[in-house]
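Engineer: Quick one: structure below, then a few questions.
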Amino acid sequence: MPNTARLRTLLPLPYAIMLCVNLAFIGIAFFVDTPLAIYEGFLRIISSRSILVTDYLEVGGVGATLVNVAIVGLSSLMMLISSRIKPSGAIIMALWLTAGFAFFGKNVFNMIPLTIGVWLYSKYKKEPFANYTLASLLVATLSPVVSEMSFLGTFSMPVEVGLGVLIGFAVGFIFPPISSHMVRAHGGYDLYSMGFAGGLIATIIATTAHSMGYEIEPAEYWSSGNNMVLSIMLYSFSFVLILCGLFTGDEDKTFQNAKKNMSDYLKFHRHSGRLITDFYFLYKNSIYINMGLLCAFATTIVLLLGAELSGIVIAAIFTMVGFAGFGKHILNVLPVMLGAVISGVLNQQYELISPSIIAAILFSTALAPMAGQFGWFWGVVSGFLHVSVAMFVGELNGGLNLYNNGFAAGLVAMFLLPVITVSERMRREHED
Amino acid sequence: MKTRFEKNLRITGDLMLYCHHRGGKDISSNIVELKDKIKYTVTAFPVDMDEEKLEELTVRLNAPRQLEIEHDYWELMGESKDFSELMLIGTLCDEANIEYKDSVLTITLLRYD
């Protein structure tokens, strides 16, 4: 096998892109911060409680956060390559999501016990760990559980860390069966399905802790003032992704690849986006056009609204990029985001440009399949309700669920699906 | 074991629902558990298929087997609204063969253990 073919088998384009992105993070980190500042910031990150909202850009600084993102991203990538998992829409999504949430809440310390818990479950079921790859990557939604227990400040450090790790094993162990079962509740209309499962588990943990007299103190670490560096980074990613989308493929000539990929990209918009819509399987490299456009679109919306590119906002943008290969496209995210913006404008508790609202607007696209399946009106309604729900369900689970918007989106989908079914039936009867 | 049988039922159930959606009035399904694989056959008549629909069905059911997502999403089968489950069925199976002749649609799938 020629060297290039062997390299392509070992490191397919989606993994190569992710590798380059993570290496770029390391490069940018050492460009903007000194090694000492990065080291000290990194220690602050891994010893933070990490519950919502702990923006690592604020806790550890830009350099340390980017190193954390790179470590988390590269370790996930290594796990996939060593398990010989081929890229798919779901796997590409999980990689970008993992990287995004390493900007707030997820770090190499608090994710490993959860992954080991999933591994223990696979052993218990006598199935290969590879069958649980997606769950092992996305179980990190509950990373704050490990950090919260590990840094209680009540017992000695080794006891608390031991306790946190053990609880991480237990939570990781119960996550796969719960997440698998929960998809039925929202029928595949909540793209952040694992966040829905994580929300349920976190709610049980938080309410049990509350009933036993332990109050989880909320965290409020928001970063600001990094728009220049981060917007340059995001627009650069968009540009490179679009170039990859246009000029890579199986055709011999670059122009032919561009024509084919552009034509494939236009076909994305026929799909509702409901789970599982694997654009990577259907349209291969044209997903990068979708990824680049959604990245640029989301970044532009944030900047136009005059908001800050904080850690949580970056996570939301990366999540949109990831799901550009697994259900989202510009036509199914637009109505939902419009509804979310209207809800943000009318919200009396928070300003439109507050990081929570901005993140909820971007994360509302978890409900993109509602617009894709039922049309603009229900898309707008979904987005509107999502922001209202997302702003308050975090309190229910004590900020222990990083994909809190996935939990909120699941609740909205569960509420709206029967309403839509009944209203469509009534409309049909009226027409007859 | 229970999960295995439930998966079998949902795979054939979704395929039968698809055939019904495309006008099938006489629909039958068959599940055969062989030594190292399961064979599913769904036959329906009369089914309304044009070239584009046939191509779409073939592509989706031939999605590569993805063990890594099976556990997380298989329960979505049986929730048909837009037949996005067809791709899910494809990721659960190793081989798919689709034949369409004289308004008879025959779908044969193989799922290795």
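By order in the structure tokens, chains are A, B, ...; within a chain, residues start at 1; ligands start at 1, following the order shown.
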List the neighbours of region 151-167 of chain A out to 10 Å using only C-alpha atoms; skip same-chain residues closer than 5 positions along the sequence, and give me the result as a PyMOL selection string.
Structural biologist: chain A and resi 47-50+109-114+116-117+144-146+172-173+216
Engineer: For chain A versus chain B, which residues have an atom no more than 8 Å away, and what is each residue's nearest atom pair and distance in Å rounded to one decimal, using only C-alpha atoms, chain-then-number order, as a Markdown table?
Structural biologist:
```
| residue | atom | partner | partner_atom | distance |
| --- | --- | --- | --- | --- |
| A:Ile85 | CA | B:Glu68 | CA | 7.8 |
| A:Ala90 | CA | B:Ile69 | CA | 7.5 |
| A:Ala130 | CA | B:Glu68 | CA | 5.7 |
| A:Asn131 | CA | B:Glu68 | CA | 4.1 |
| A:Tyr132 | CA | B:Glu68 | CA | 5.5 |
| A:Thr133 | CA | B:Glu68 | CA | 5.3 |
| A:Leu134 | CA | B:Glu68 | CA | 6.2 |
| A:Ala135 | CA | B:Asp72 | CA | 7.2 |
| A:Pro176 | CA | B:Asp72 | CA | 7.3 |
| A:Ser179 | CA | B:Asp72 | CA | 6.7 |
| A:Ser180 | CA | B:Asp72 | CA | 4.5 |
| A:His181 | CA | B:Glu75 | CA | 6.8 |
| A:Val183 | CA | B:Leu76 | CA | 6.4 |
| A:Arg184 | CA | B:Leu76 | CA | 5.8 |
| A:Gly187 | CA | B:Glu79 | CA | 6.2 |
| A:Gly188 | CA | B:Leu76 | CA | 6.6 |
| A:Ser272 | CA | B:Asp82 | CA | 8.0 |
| A:Arg274 | CA | B:Ser84 | CA | 7.0 |
| A:Leu275 | CA | B:Ser84 | CA | 7.3 |
| A:Ile276 | CA | B:Leu88 | CA | 6.4 |
| A:Thr277 | CA | B:Ser84 | CA | 6.6 |
| A:Asp278 | CA | B:Met87 | CA | 8.0 |
| A:Phe281 | CA | B:Ala63 | CA | 7.1 |
| A:Gln373 | CA | B:Asp82 | CA | 7.7 |
```
Engineer: Using only C-alpha atoms for the distances, tell me which of B:Lys53, B:His20, B:Lys25, B:Arg65 is nearest to Asp94 (chain B).
Structural biologist: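 Closest candidate: B:Arg65.
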Engineer: Could you give me, as a VMD selection string, the residues within 8 Å of Tyr283 (chain A), counting only C-alpha atoms and dropping anything in the same chain fewer than 5 positions from it?
Structural biologist: chain A and resid 261 264 to 265
Engineer: With N, CA and C atoms retained, write the just-selected residues as a short mmCIF file (atom, residue, chain, number, x, y, z; two decimals), in the first residue's frame.
Structural biologist:
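out-v5.cif written:
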```cif
data_model
loop_
_atom_site.label_atom_id
_atom_site.label_comp_id
_atom_site.auth_asym_id
_atom_site.auth_seq_id
_atom_site.Cartn_x
_atom_site.Cartn_y
_atom_site.Cartn_z
N ASN A 261 -18.88 18.63 -4.49
CA ASN A 261 -19.14 18.87 -3.06
C ASN A 261 -20.16 19.98 -2.85
N ASP A 264 -23.47 18.49 -3.58
CA ASP A 264 -23.88 17.64 -2.45
C ASP A 264 -24.33 18.49 -1.26
N TYR A 265 -23.60 19.58 -1.04
CA TYR A 265 -23.94 20.45 0.10
C TYR A 265 -25.38 20.95 -0.01
#
```
Engineer: Fewer than 4 positions away in the same chain doesn't count, so skip those; otherwise give me all residues within 9 Å of Met16 (chain B), counting only C-alpha atoms, as a ChimeraX atom specification.
Structural biologist: /B:11-12,20-21,24,27-29,42-44
Engineer: Please produce an output containing C-alpha atoms for each residue in the selection, written as an mmCIF file, in the first residue's frame.
Structural biologist:
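The new file result-v4.cif reads:
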```
data_model
loop_
_atom_site.group_PDB
_atom_site.id
_atom_site.type_symbol
_atom_site.label_atom_id
_atom_site.label_comp_id
_atom_site.auth_asym_id
_atom_site.auth_seq_id
_atom_site.Cartn_x
_atom_site.Cartn_y
_atom_site.Cartn_z
ATOM 1 C CA ILE B 11 -36.051 -3.598 12.067
ATOM 2 C CA THR B 12 -38.770 -5.552 10.245
ATOM 3 C CA HIS B 20 -47.132 0.465 3.800
ATOM 4 C CA HIS B 21 -46.272 4.158 3.376
ATOM 5 C CA GLY B 24 -48.061 -1.794 -0.075
ATOM 6 C CA ILE B 27 -46.824 -7.122 3.134
ATOM 7 C CA SER B 28 -44.972 -10.018 4.717
ATOM 8 C CA SER B 29 -41.836 -10.266 6.818
ATOM 9 C CA VAL B 42 -39.649 -8.035 3.842
ATOM 10 C CA THR B 43 -41.776 -8.373 0.715
ATOM 11 C CA ALA B 44 -44.548 -5.992 -0.286
#
```
Engineer: Give the helix (DSSP H, G or I) residues of region 23-208 of chain A, as assigned by DSSP on the backbone, as a ChimeraX atom specification.
Structural biologist: /A:23-32,35-46,56-59,61-82,89-101,108-124,129-150,157-186,193-208
Engineer: Which residue, B:Ile89, B:Arg4, B:Phe45, B:Ile38, has the smallest gap to Val104 (chain B) when you use only C-alpha atoms?
Structural biologist: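 Under the stated criterion, the closest residue is B:Phe45.
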Engineer: Using only C-alpha atoms, find the one residue out of A:Leu305, A:Leu417, A:Leu200, A:Leu77 that sits nearest to Ala94 (chain A).
Structural biologist: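 That would be A:Leu77, the residue with the smallest distance to Ala94 (chain A).
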Engineer: Which polymer residues have any atom within 7 Å of an atom of Leu109 (chain B), counting only C-alpha atoms, with same-chain residues fewer than 4 positions away left out, as a list in words?
Structural biologist: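 Counting only C-alpha atoms, the residues come to Lys39, Tyr40, Thr41, Cys93, Glu95, Ala96 and Asn97 of chain B.
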Engineer: Any chance you could export the current selection's N, CA and C atoms as a PDB file, in the first residue's frame?
Structural biologist:
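Result file follows (selection.pdb):
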```pdb
ATOM      1  N   LYS B  39     -31.165 -13.102   9.268  1.00  0.00           N
ATOM      2  CA  LYS B  39     -31.584 -12.671   7.932  1.00  0.00           C
ATOM      3  C   LYS B  39     -33.020 -12.154   8.019  1.00  0.00           C
ATOM      4  N   TYR B  40     -33.195 -10.939   7.511  1.00  0.00           N
ATOM      5  CA  TYR B  40     -34.526 -10.341   7.496  1.00  0.00           C
ATOM      6  C   TYR B  40     -34.983 -10.220   6.049  1.00  0.00           C
ATOM      7  N   THR B  41     -36.224 -10.603   5.788  1.00  0.00           N
ATOM      8  CA  THR B  41     -36.777 -10.406   4.449  1.00  0.00           C
ATOM      9  C   THR B  41     -38.156  -9.769   4.576  1.00  0.00           C
ATOM     10  N   CYS B  93     -27.110  -3.182  10.241  1.00  0.00           N
ATOM     11  CA  CYS B  93     -26.981  -4.383   9.407  1.00  0.00           C
ATOM     12  C   CYS B  93     -25.689  -4.347   8.585  1.00  0.00           C
ATOM     13  N   GLU B  95     -25.307  -6.231   5.485  1.00  0.00           N
ATOM     14  CA  GLU B  95     -25.541  -6.318   4.034  1.00  0.00           C
ATOM     15  C   GLU B  95     -27.002  -6.028   3.740  1.00  0.00           C
ATOM     16  N   ALA B  96     -27.240  -5.368   2.623  1.00  0.00           N
ATOM     17  CA  ALA B  96     -28.623  -5.082   2.230  1.00  0.00           C
ATOM     18  C   ALA B  96     -28.780  -5.352   0.742  1.00  0.00           C
ATOM     19  N   ASN B  97     -29.879  -5.981   0.407  1.00  0.00           N
ATOM     20  CA  ASN B  97     -30.169  -6.218  -1.004  1.00  0.00           C
ATOM     21  C   ASN B  97     -31.619  -5.800  -1.274  1.00  0.00           C
TER      22      ASN B  97
END
```
Engineer: Could you state the separation of CA of Pro418 (chain A) and CA of Lys7 (chain B) in Å, given to one decimal place?
Structural biologist: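 Computed distance, CA of Pro418 (chain A) to CA of Lys7 (chain B), equals 25.2 Å.
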Engineer: Extract, using only C-alpha atoms, all DNA, RNA and protein residues at most 10 Å from Ile317 (chain A), discarding same-chain residues fewer than 3 positions from it, and format them as a PyMOL selection string.
Structural biologist: chain A and resi 96-97+100+234+294-299+302+309+311-314+320-323+359+362-363
Engineer: Those same residues, written as a PDB file, in the first residue's frame with C-alpha atoms?
Structural biologist:
```pdb
ATOM      1  CA  TRP A  96     -16.045  18.631  18.170  1.00  0.00           C
ATOM      2  CA  LEU A  97     -18.420  18.565  21.113  1.00  0.00           C
ATOM      3  CA  GLY A 100     -15.931  22.590  22.738  1.00  0.00           C
ATOM      4  CA  LEU A 234     -13.111  30.872  14.695  1.00  0.00           C
ATOM      5  CA  LEU A 294     -22.315  27.211  10.451  1.00  0.00           C
ATOM      6  CA  CYS A 295     -19.175  28.195  12.373  1.00  0.00           C
ATOM      7  CA  ALA A 296     -18.985  31.544  10.572  1.00  0.00           C
ATOM      8  CA  PHE A 297     -22.737  32.075  10.900  1.00  0.00           C
ATOM      9  CA  ALA A 298     -22.816  31.411  14.658  1.00  0.00           C
ATOM     10  CA  THR A 299     -19.729  33.557  15.301  1.00  0.00           C
ATOM     11  CA  VAL A 302     -22.694  36.508  18.491  1.00  0.00           C
ATOM     12  CA  LEU A 309     -17.074  35.033  22.972  1.00  0.00           C
ATOM     13  CA  GLY A 311     -15.991  29.644  26.988  1.00  0.00           C
ATOM     14  CA  ILE A 312     -19.614  28.525  26.949  1.00  0.00           C
ATOM     15  CA  VAL A 313     -20.286  30.426  23.705  1.00  0.00           C
ATOM     16  CA  ILE A 314     -17.267  28.799  22.058  1.00  0.00           C
ATOM     17  CA  MET A 320     -22.929  23.551  15.979  1.00  0.00           C
ATOM     18  CA  VAL A 321     -19.833  22.723  13.927  1.00  0.00           C
ATOM     19  CA  GLY A 322     -19.896  19.109  15.130  1.00  0.00           C
ATOM     20  CA  PHE A 323     -23.562  18.656  14.369  1.00  0.00           C
ATOM     21  CA  ALA A 359     -25.355  30.240  24.672  1.00  0.00           C
ATOM     22  CA  LEU A 362     -26.860  28.808  19.915  1.00  0.00           C
ATOM     23  CA  PHE A 363     -27.641  25.588  21.797  1.00  0.00           C
TER      24      PHE A 363
END
```
Engineer: Using only C-alpha atoms, which protein or nucleic acid residues come within 8 Å of region 1-16 of chain A? Drop anything in the same chain fewer than 4 positions from it, and give the result as an NGL selection string.
Structural biologist: :A and (20 or 77 or 81 or 87 or 92)
Engineer: Just how far from CA of Ser364 (chain A) is CA of Asp190 (chain A), in Å to one decimal?
Structural biologist: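 If I compute the distance from CA of Asp190 (chain A) to CA of Ser364 (chain A), I get 9.6 Å.
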